[in-house]
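A.B. asks: This one is work32.csv, CSV, N, CA and C atoms.
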```csv
chain,number,residue,atom,x,y,z
A,1,MET,N,-22.6,-67.4,-21.1
A,1,MET,CA,-22.8,-66.7,-19.8
A,1,MET,C,-23.7,-65.5,-19.9
A,2,ILE,N,-23.6,-64.8,-21.1
A,2,ILE,CA,-24.5,-63.6,-21.3
A,2,ILE,C,-26.0,-64.1,-21.4
A,3,TYR,N,-26.2,-65.3,-22.0
A,3,TYR,CA,-27.5,-65.8,-22.1
A,3,TYR,C,-28.2,-66.1,-20.8
A,4,VAL,N,-27.4,-66.6,-19.8
A,4,VAL,CA,-27.9,-66.9,-18.5
A,4,VAL,C,-28.2,-65.6,-17.8
A,5,THR,N,-27.3,-64.6,-17.9
A,5,THR,CA,-27.6,-63.3,-17.3
A,5,THR,C,-28.9,-62.7,-17.8
A,6,PHE,N,-29.1,-62.8,-19.1
A,6,PHE,CA,-30.3,-62.3,-19.7
A,6,PHE,C,-31.5,-63.0,-19.2
A,7,ASN,N,-31.5,-64.3,-19.1
A,7,ASN,CA,-32.6,-65.0,-18.6
A,7,ASN,C,-32.9,-64.7,-17.1
A,8,ALA,N,-31.8,-64.5,-16.3
A,8,ALA,CA,-32.0,-64.1,-14.9
A,8,ALA,C,-32.6,-62.8,-14.8
A,9,THR,N,-32.2,-61.8,-15.7
A,9,THR,CA,-32.8,-60.5,-15.6
A,9,THR,C,-34.2,-60.5,-16.1
A,10,LYS,N,-34.5,-61.3,-17.0
A,10,LYS,CA,-35.9,-61.5,-17.5
A,10,LYS,C,-36.8,-62.1,-16.4
A,11,ALA,N,-36.3,-63.1,-15.7
A,11,ALA,CA,-37.0,-63.7,-14.6
A,11,ALA,C,-37.2,-62.7,-13.5
A,12,PHE,N,-36.1,-61.9,-13.2
A,12,PHE,CA,-36.2,-60.9,-12.1
A,12,PHE,C,-37.3,-59.8,-12.5
A,13,ARG,N,-37.4,-59.4,-13.7
A,13,ARG,CA,-38.4,-58.5,-14.2
A,13,ARG,C,-39.8,-59.0,-14.0
A,14,ARG,N,-40.0,-60.3,-14.3
A,14,ARG,CA,-41.3,-60.9,-14.1
A,14,ARG,C,-41.7,-61.0,-12.7
A,15,VAL,N,-40.7,-61.3,-11.8
A,15,VAL,CA,-41.0,-61.4,-10.4
A,15,VAL,C,-41.3,-60.0,-9.8
A,16,ALA,N,-40.5,-59.0,-10.2
A,16,ALA,CA,-40.8,-57.7,-9.8
A,16,ALA,C,-42.1,-57.2,-10.3
A,17,PHE,N,-42.5,-57.5,-11.5
A,17,PHE,CA,-43.9,-57.1,-12.0
A,17,PHE,C,-45.0,-57.8,-11.1
A,18,ALA,N,-44.8,-59.1,-10.8
A,18,ALA,CA,-45.8,-59.8,-10.0
A,18,ALA,C,-45.9,-59.1,-8.6
A,19,ILE,N,-44.7,-58.7,-8.0
A,19,ILE,CA,-44.8,-58.1,-6.7
A,19,ILE,C,-45.5,-56.8,-6.8
A,20,LEU,N,-45.2,-56.0,-7.8
A,20,LEU,CA,-45.9,-54.7,-8.0
A,20,LEU,C,-47.4,-54.9,-8.2
A,21,LEU,N,-47.8,-55.9,-9.0
A,21,LEU,CA,-49.2,-56.2,-9.2
A,21,LEU,C,-49.8,-56.6,-7.9
A,22,LEU,N,-49.2,-57.4,-7.1
A,22,LEU,CA,-49.8,-57.8,-5.8
A,22,LEU,C,-49.8,-56.6,-4.9
A,23,TYR,N,-48.8,-55.7,-5.0
A,23,TYR,CA,-48.8,-54.5,-4.1
A,23,TYR,C,-50.0,-53.6,-4.5
A,24,ASN,N,-50.2,-53.4,-5.8
A,24,ASN,CA,-51.4,-52.6,-6.2
A,24,ASN,C,-52.7,-53.2,-5.8
A,25,ILE,N,-52.8,-54.5,-5.9
A,25,ILE,CA,-54.0,-55.2,-5.5
A,25,ILE,C,-54.2,-55.0,-4.0
A,26,ASN,N,-53.1,-55.1,-3.2
A,26,ASN,CA,-53.2,-54.9,-1.8
A,26,ASN,C,-53.6,-53.5,-1.4
A,27,ARG,N,-53.1,-52.5,-2.1
A,27,ARG,CA,-53.4,-51.1,-1.8
A,27,ARG,C,-54.8,-50.7,-2.1
A,28,THR,N,-55.4,-51.3,-3.2
A,28,THR,CA,-56.8,-50.9,-3.5
A,28,THR,C,-57.8,-51.8,-2.7
A,29,LYS,N,-57.3,-52.7,-1.9
A,29,LYS,CA,-58.1,-53.5,-1.0
A,29,LYS,C,-59.1,-54.4,-1.8
A,30,THR,N,-58.8,-54.7,-3.0
A,30,THR,CA,-59.6,-55.6,-3.7
A,30,THR,C,-58.9,-56.9,-3.8
A,31,LYS,N,-59.4,-57.9,-3.0
A,31,LYS,CA,-58.7,-59.1,-2.9
A,31,LYS,C,-59.2,-60.1,-3.9
A,32,LEU,N,-58.3,-60.8,-4.5
A,32,LEU,CA,-58.6,-61.8,-5.5
A,32,LEU,C,-58.7,-63.1,-4.7
A,33,LYS,N,-59.9,-63.7,-4.6
A,33,LYS,CA,-60.0,-64.9,-3.9
A,33,LYS,C,-60.7,-65.9,-4.8
A,34,LEU,N,-60.0,-66.9,-5.2
A,34,LEU,CA,-60.6,-68.0,-6.1
A,34,LEU,C,-61.2,-69.0,-5.2
A,35,PHE,N,-60.6,-69.4,-4.1
A,35,PHE,CA,-61.1,-70.3,-3.2
A,35,PHE,C,-60.9,-69.7,-1.8
A,36,MET,N,-61.7,-70.2,-0.9
A,36,MET,CA,-61.6,-69.7,0.5
A,36,MET,C,-60.2,-70.1,1.1
A,37,GLY,N,-59.5,-69.1,1.6
A,37,GLY,CA,-58.3,-69.4,2.3
A,37,GLY,C,-57.0,-69.3,1.4
A,38,THR,N,-57.2,-68.9,0.2
A,38,THR,CA,-56.0,-68.8,-0.7
A,38,THR,C,-55.2,-67.6,-0.5
A,39,GLU,N,-55.7,-66.6,0.3
A,39,GLU,CA,-55.0,-65.4,0.5
A,39,GLU,C,-53.7,-65.7,1.3
A,40,ILE,N,-53.7,-66.6,2.3
A,40,ILE,CA,-52.5,-66.9,3.1
A,40,ILE,C,-51.5,-67.5,2.2
A,41,PHE,N,-51.9,-68.4,1.3
A,41,PHE,CA,-50.9,-69.0,0.4
A,41,PHE,C,-50.3,-68.0,-0.6
A,42,THR,N,-51.1,-67.1,-1.0
A,42,THR,CA,-50.5,-66.0,-1.9
A,42,THR,C,-49.5,-65.2,-1.1
A,43,GLU,N,-49.8,-64.9,0.2
A,43,GLU,CA,-48.9,-64.1,1.0
A,43,GLU,C,-47.6,-64.8,1.3
A,44,LEU,N,-47.8,-66.1,1.6
A,44,LEU,CA,-46.6,-66.9,1.9
A,44,LEU,C,-45.7,-67.0,0.6
A,45,SER,N,-46.3,-67.2,-0.5
A,45,SER,CA,-45.6,-67.2,-1.8
A,45,SER,C,-44.9,-65.9,-2.0
A,46,LEU,N,-45.5,-64.8,-1.7
A,46,LEU,CA,-44.9,-63.5,-1.9
A,46,LEU,C,-43.7,-63.3,-0.9
A,47,ILE,N,-43.9,-63.8,0.3
A,47,ILE,CA,-42.8,-63.8,1.3
A,47,ILE,C,-41.6,-64.5,0.8
A,48,VAL,N,-41.8,-65.7,0.3
A,48,VAL,CA,-40.7,-66.6,-0.3
A,48,VAL,C,-40.1,-65.9,-1.5
A,49,ILE,N,-40.9,-65.4,-2.4
A,49,ILE,CA,-40.3,-64.7,-3.6
A,49,ILE,C,-39.4,-63.5,-3.2
A,50,VAL,N,-40.0,-62.6,-2.3
A,50,VAL,CA,-39.2,-61.5,-1.9
A,50,VAL,C,-37.9,-61.9,-1.2
A,51,THR,N,-38.0,-62.9,-0.4
A,51,THR,CA,-36.8,-63.4,0.4
A,51,THR,C,-35.8,-63.9,-0.6
A,52,VAL,N,-36.2,-64.7,-1.5
A,52,VAL,CA,-35.2,-65.2,-2.5
A,52,VAL,C,-34.6,-64.1,-3.3
A,53,ILE,N,-35.3,-63.1,-3.7
A,53,ILE,CA,-34.7,-62.0,-4.5
A,53,ILE,C,-33.7,-61.3,-3.6
A,54,VAL,N,-34.1,-60.9,-2.4
A,54,VAL,CA,-33.2,-60.2,-1.5
A,54,VAL,C,-32.0,-61.0,-1.2
A,55,ALA,N,-32.2,-62.3,-1.0
A,55,ALA,CA,-31.0,-63.2,-0.7
A,55,ALA,C,-30.1,-63.3,-1.9
A,56,THR,N,-30.6,-63.4,-3.1
A,56,THR,CA,-29.8,-63.4,-4.3
A,56,THR,C,-29.0,-62.1,-4.4
A,57,VAL,N,-29.6,-61.0,-4.1
A,57,VAL,CA,-28.8,-59.7,-4.2
A,57,VAL,C,-27.8,-59.7,-3.1
A,58,ALA,N,-28.1,-60.2,-1.9
A,58,ALA,CA,-27.1,-60.3,-0.8
A,58,ALA,C,-25.9,-61.2,-1.2
A,59,LYS,N,-26.2,-62.3,-1.8
A,59,LYS,CA,-25.1,-63.2,-2.3
A,59,LYS,C,-24.2,-62.5,-3.3
A,60,LEU,N,-24.9,-61.8,-4.3
A,60,LEU,CA,-24.1,-61.1,-5.3
A,60,LEU,C,-23.2,-60.0,-4.6
A,61,LEU,N,-23.7,-59.4,-3.6
A,61,LEU,CA,-22.9,-58.4,-2.8
A,61,LEU,C,-22.0,-59.0,-1.8
A,62,LYS,N,-22.0,-60.3,-1.7
A,62,LYS,CA,-21.2,-61.0,-0.7
A,62,LYS,C,-21.5,-60.6,0.7
A,63,GLN,N,-22.7,-60.6,1.0
A,63,GLN,CA,-23.2,-60.3,2.4
A,63,GLN,C,-23.8,-61.5,3.0
A,64,PRO,N,-23.8,-61.6,4.3
A,64,PRO,CA,-24.4,-62.8,5.0
A,64,PRO,C,-25.9,-62.8,4.7
A,65,LEU,N,-26.4,-64.1,4.7
A,65,LEU,CA,-27.9,-64.2,4.4
A,65,LEU,C,-28.8,-63.7,5.5
A,66,ILE,N,-28.3,-63.7,6.8
A,66,ILE,CA,-29.1,-63.2,7.8
A,66,ILE,C,-29.5,-61.7,7.6
A,67,ILE,N,-28.6,-60.9,7.0
A,67,ILE,CA,-28.8,-59.5,6.7
A,67,ILE,C,-29.9,-59.5,5.6
A,68,ALA,N,-29.9,-60.4,4.7
A,68,ALA,CA,-30.9,-60.4,3.6
A,68,ALA,C,-32.3,-60.8,4.2
A,69,TYR,N,-32.3,-61.7,5.1
A,69,TYR,CA,-33.6,-62.1,5.7
A,69,TYR,C,-34.2,-61.0,6.6
A,70,ILE,N,-33.3,-60.3,7.3
A,70,ILE,CA,-33.8,-59.1,8.1
A,70,ILE,C,-34.3,-58.0,7.1
A,71,PHE,N,-33.6,-57.8,6.1
A,71,PHE,CA,-34.0,-56.8,5.1
A,71,PHE,C,-35.3,-57.1,4.4
A,72,ALA,N,-35.5,-58.4,4.1
A,72,ALA,CA,-36.7,-58.9,3.5
A,72,ALA,C,-37.9,-58.7,4.5
A,73,GLY,N,-37.6,-59.0,5.7
A,73,GLY,CA,-38.7,-58.8,6.7
A,73,GLY,C,-39.1,-57.3,6.9
A,74,LEU,N,-38.1,-56.4,6.7
A,74,LEU,CA,-38.4,-55.0,6.8
A,74,LEU,C,-39.2,-54.6,5.6
A,75,ILE,N,-38.8,-55.1,4.4
A,75,ILE,CA,-39.6,-54.8,3.2
A,75,ILE,C,-41.0,-55.2,3.3
A,76,LEU,N,-41.3,-56.4,3.8
A,76,LEU,CA,-42.6,-56.9,3.9
A,76,LEU,C,-43.4,-56.5,5.1
A,77,SER,N,-42.8,-55.9,6.0
A,77,SER,CA,-43.5,-55.5,7.3
A,77,SER,C,-44.4,-54.3,7.1
A,78,PRO,N,-45.3,-54.0,8.1
A,78,PRO,CA,-46.2,-52.9,8.0
A,78,PRO,C,-45.4,-51.6,7.9
A,79,TYR,N,-44.1,-51.6,8.3
A,79,TYR,CA,-43.3,-50.4,8.3
A,79,TYR,C,-42.6,-50.2,6.9
A,80,GLY,N,-42.7,-51.2,6.1
A,80,GLY,CA,-42.1,-51.2,4.7
A,80,GLY,C,-43.2,-51.0,3.7
A,81,LEU,N,-43.4,-52.0,2.8
A,81,LEU,CA,-44.4,-51.9,1.8
A,81,LEU,C,-45.8,-52.4,2.3
A,82,ASP,N,-45.8,-53.0,3.4
A,82,ASP,CA,-47.1,-53.5,4.0
A,82,ASP,C,-47.8,-54.5,3.0
A,83,LEU,N,-47.1,-55.5,2.5
A,83,LEU,CA,-47.6,-56.4,1.6
A,83,LEU,C,-48.4,-57.5,2.2
A,84,VAL,N,-48.2,-57.8,3.5
A,84,VAL,CA,-48.8,-58.9,4.2
A,84,VAL,C,-50.0,-58.4,5.1
A,85,ASN,N,-51.2,-59.0,4.9
A,85,ASN,CA,-52.3,-58.6,5.7
A,85,ASN,C,-52.7,-59.7,6.7
A,86,SER,N,-52.2,-60.9,6.6
A,86,SER,CA,-52.6,-62.0,7.5
A,86,SER,C,-51.6,-62.0,8.7
A,87,HIS,N,-51.6,-61.0,9.5
A,87,HIS,CA,-50.6,-60.9,10.5
A,87,HIS,C,-50.7,-62.0,11.6
A,88,ASP,N,-51.9,-62.4,11.9
A,88,ASP,CA,-52.0,-63.4,12.9
A,88,ASP,C,-51.5,-64.8,12.4
A,89,ALA,N,-51.8,-65.1,11.2
A,89,ALA,CA,-51.3,-66.4,10.6
A,89,ALA,C,-49.8,-66.4,10.5
A,90,ILE,N,-49.2,-65.3,10.0
A,90,ILE,CA,-47.8,-65.2,9.9
A,90,ILE,C,-47.1,-65.3,11.3
A,91,GLU,N,-47.8,-64.6,12.3
A,91,GLU,CA,-47.2,-64.7,13.6
A,91,GLU,C,-47.2,-66.2,14.1
A,92,THR,N,-48.3,-66.9,13.8
A,92,THR,CA,-48.4,-68.3,14.2
A,92,THR,C,-47.3,-69.1,13.5
A,93,PHE,N,-47.1,-68.9,12.2
A,93,PHE,CA,-46.0,-69.6,11.5
A,93,PHE,C,-44.6,-69.2,12.1
A,94,SER,N,-44.4,-68.0,12.6
A,94,SER,CA,-43.2,-67.6,13.2
A,94,SER,C,-42.9,-68.3,14.5
A,95,HIS,N,-44.0,-68.5,15.3
A,95,HIS,CA,-43.9,-69.2,16.5
A,95,HIS,C,-43.5,-70.7,16.2
A,96,ILE,N,-44.1,-71.3,15.2
A,96,ILE,CA,-43.8,-72.7,14.9
A,96,ILE,C,-42.4,-72.8,14.4
A,97,GLY,N,-41.9,-71.8,13.6
A,97,GLY,CA,-40.5,-71.8,13.2
A,97,GLY,C,-39.5,-71.7,14.3
A,98,ILE,N,-39.8,-70.8,15.3
A,98,ILE,CA,-39.0,-70.7,16.5
A,98,ILE,C,-38.9,-72.0,17.3
A,99,ALA,N,-40.1,-72.7,17.4
A,99,ALA,CA,-40.1,-74.0,18.1
A,99,ALA,C,-39.3,-75.0,17.3
A,100,PHE,N,-39.3,-75.0,16.0
A,100,PHE,CA,-38.5,-76.0,15.2
A,100,PHE,C,-37.0,-75.6,15.4
A,101,LEU,N,-36.7,-74.3,15.4
A,101,LEU,CA,-35.3,-73.9,15.6
A,101,LEU,C,-34.8,-74.4,17.0
A,102,LEU,N,-35.5,-74.2,18.0
A,102,LEU,CA,-35.1,-74.6,19.4
A,102,LEU,C,-35.0,-76.1,19.4
A,103,PHE,N,-35.9,-76.8,18.7
A,103,PHE,CA,-35.8,-78.3,18.7
A,103,PHE,C,-34.5,-78.7,18.1
A,104,MET,N,-34.1,-78.1,16.9
A,104,MET,CA,-32.9,-78.4,16.3
A,104,MET,C,-31.7,-78.1,17.1
A,105,VAL,N,-31.7,-77.0,17.9
A,105,VAL,CA,-30.6,-76.7,18.8
A,105,VAL,C,-30.5,-77.7,19.9
A,106,GLY,N,-31.6,-78.2,20.4
A,106,GLY,CA,-31.6,-79.2,21.4
A,106,GLY,C,-31.1,-80.5,20.9
A,107,ILE,N,-31.4,-80.9,19.7
A,107,ILE,CA,-30.9,-82.1,19.1
A,107,ILE,C,-29.3,-82.1,19.0
A,108,ASN,N,-28.8,-80.9,18.6
A,108,ASN,CA,-27.3,-80.8,18.4
A,108,ASN,C,-26.6,-80.4,19.6
A,109,LEU,N,-27.2,-80.3,20.8
A,109,LEU,CA,-26.6,-79.8,22.0
A,109,LEU,C,-25.9,-81.0,22.6
A,110,ASN,N,-24.6,-80.8,23.0
A,110,ASN,CA,-23.8,-81.9,23.6
A,110,ASN,C,-23.9,-81.8,25.1
A,111,PRO,N,-24.2,-82.8,25.9
A,111,PRO,CA,-24.3,-82.7,27.3
A,111,PRO,C,-22.9,-82.3,28.0
A,112,LYS,N,-21.8,-82.7,27.3
A,112,LYS,CA,-20.5,-82.3,27.9
A,112,LYS,C,-20.3,-80.8,27.8
A,113,ILE,N,-20.8,-80.2,26.8
A,113,ILE,CA,-20.7,-78.7,26.7
A,113,ILE,C,-21.6,-78.1,27.8
A,114,ILE,N,-22.8,-78.6,28.0
A,114,ILE,CA,-23.6,-78.1,29.1
A,114,ILE,C,-23.0,-78.2,30.4
A,115,LYS,N,-22.3,-79.3,30.7
A,115,LYS,CA,-21.6,-79.5,31.9
A,115,LYS,C,-20.5,-78.5,32.1
A,116,SER,N,-19.8,-78.2,31.0
A,116,SER,CA,-18.6,-77.3,31.1
A,116,SER,C,-19.0,-75.8,31.3
A,117,VAL,N,-20.1,-75.4,30.7
A,117,VAL,CA,-20.5,-74.0,30.8
A,117,VAL,C,-21.8,-73.8,31.6
A,118,GLY,N,-22.1,-74.9,32.3
A,118,GLY,CA,-23.4,-74.9,33.1
A,118,GLY,C,-23.4,-73.8,34.2
A,119,LYS,N,-22.4,-73.7,35.0
A,119,LYS,CA,-22.3,-72.7,36.1
A,119,LYS,C,-22.4,-71.3,35.6
A,120,VAL,N,-21.7,-71.0,34.6
A,120,VAL,CA,-21.7,-69.6,34.0
A,120,VAL,C,-23.0,-69.3,33.4
A,121,SER,N,-23.6,-70.3,32.7
A,121,SER,CA,-24.9,-70.0,32.0
A,121,SER,C,-26.0,-69.8,33.0
A,122,ILE,N,-26.0,-70.6,34.1
A,122,ILE,CA,-27.0,-70.4,35.2
A,122,ILE,C,-26.9,-69.1,35.8
A,123,ILE,N,-25.7,-68.7,36.1
A,123,ILE,CA,-25.5,-67.3,36.8
A,123,ILE,C,-25.9,-66.2,35.8
A,124,THR,N,-25.6,-66.4,34.6
A,124,THR,CA,-26.0,-65.3,33.6
A,124,THR,C,-27.5,-65.3,33.4
A,125,GLY,N,-28.1,-66.5,33.3
A,125,GLY,CA,-29.5,-66.6,33.1
A,125,GLY,C,-30.3,-66.0,34.3
A,126,LEU,N,-29.8,-66.3,35.5
A,126,LEU,CA,-30.5,-65.7,36.7
A,126,LEU,C,-30.2,-64.2,36.8
A,127,GLY,N,-29.1,-63.8,36.4
A,127,GLY,CA,-28.8,-62.4,36.4
A,127,GLY,C,-29.7,-61.6,35.4
A,128,GLN,N,-30.1,-62.2,34.3
A,128,GLN,CA,-31.0,-61.5,33.4
A,128,GLN,C,-32.4,-61.5,33.9
A,129,ILE,N,-32.8,-62.5,34.7
A,129,ILE,CA,-34.1,-62.5,35.3
A,129,ILE,C,-34.3,-61.5,36.4
A,130,PHE,N,-33.3,-61.4,37.3
A,130,PHE,CA,-33.5,-60.5,38.4
A,130,PHE,C,-32.8,-59.2,38.2
```
What's the structure tokens form of this structure?

C.D. replies:
Amino acid sequence: MIYVTFNATKAFRRVAFAILLLYNINRTKTKLKLFMGTEIFTELSLIVIVTVIVATVAKLLKQPLIIAYIFAGLILSPYGLDLVNSHDAIETFSHIGIAFLLFMVGINLNPKIIKSVGKVSIITGLGQIF
């Protein structure tokens, strides 16, 4: 068990070092581009790495993952460490993610449930519009 903990700590140090390295590269505005368009993949990788780290910490603290995802978003946002520069591309990915989420909700929606709460939801929806 101690060996696994030591390896996890070592991996965490490596990931933290990579994040700090990317943060310093971002701050000096010297972008490392090997091929055209690799910056977005680097930023997406950074987003995934930070999210996994924050989610792991949240799991250890027995907190819900949604709090970890919000916290990771705050860390990566312009109000946090400002690690992401491709705001337009990330916004496009977020719109695609929301579309997939709504699609999954539509697949799992039962017509009987819509019929039972239909009147209340229509009144509530119209009340929010007007």

A.B. asks: State, in Å with one decimal place, the distance from atom CA of A:Lys59 to atom CA of A:Ala72.

C.D. replies: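 Interatomic distance here is 13.7 Å.
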
A.B. asks: Rounded to one decimal, what separation in Å do you get between atom C of A:Val52 and atom N of A:Tyr69?

C.D. replies: 9.0 Å

A.B. asks: What does the distance from atom C of A:Lys115 to atom CA of A:Gly97 come to in Å, to one decimal?

C.D. replies: 28.3 Å

A.B. asks: Quick one: everything within 6.5 Å of stretch 73-89 of chain A, counting only N, CA and C atoms, minus sequence neighbours fewer than 4 positions away in the same chain. Send it as a PDB file with N, CA and C atoms, keeping the file's coordinate frame.

C.D. replies:
```pdb
ATOM      1  N   TYR A  23     -48.800 -55.700  -5.000  1.00  0.00           N
ATOM      2  CA  TYR A  23     -48.800 -54.500  -4.100  1.00  0.00           C
ATOM      3  C   TYR A  23     -50.000 -53.600  -4.500  1.00  0.00           C
ATOM      4  N   GLU A  43     -49.800 -64.900   0.200  1.00  0.00           N
ATOM      5  CA  GLU A  43     -48.900 -64.100   1.000  1.00  0.00           C
ATOM      6  C   GLU A  43     -47.600 -64.800   1.300  1.00  0.00           C
ATOM      7  N   ALA A  68     -29.900 -60.400   4.700  1.00  0.00           N
ATOM      8  CA  ALA A  68     -30.900 -60.400   3.600  1.00  0.00           C
ATOM      9  C   ALA A  68     -32.300 -60.800   4.200  1.00  0.00           C
ATOM     10  N   TYR A  69     -32.300 -61.700   5.100  1.00  0.00           N
ATOM     11  CA  TYR A  69     -33.600 -62.100   5.700  1.00  0.00           C
ATOM     12  C   TYR A  69     -34.200 -61.000   6.600  1.00  0.00           C
ATOM     13  N   PHE A  93     -47.100 -68.900  12.200  1.00  0.00           N
ATOM     14  CA  PHE A  93     -46.000 -69.600  11.500  1.00  0.00           C
ATOM     15  C   PHE A  93     -44.600 -69.200  12.100  1.00  0.00           C
ATOM     16  N   SER A  94     -44.400 -68.000  12.600  1.00  0.00           N
ATOM     17  CA  SER A  94     -43.200 -67.600  13.200  1.00  0.00           C
ATOM     18  C   SER A  94     -42.900 -68.300  14.500  1.00  0.00           C
TER      19      SER A  94
END
```
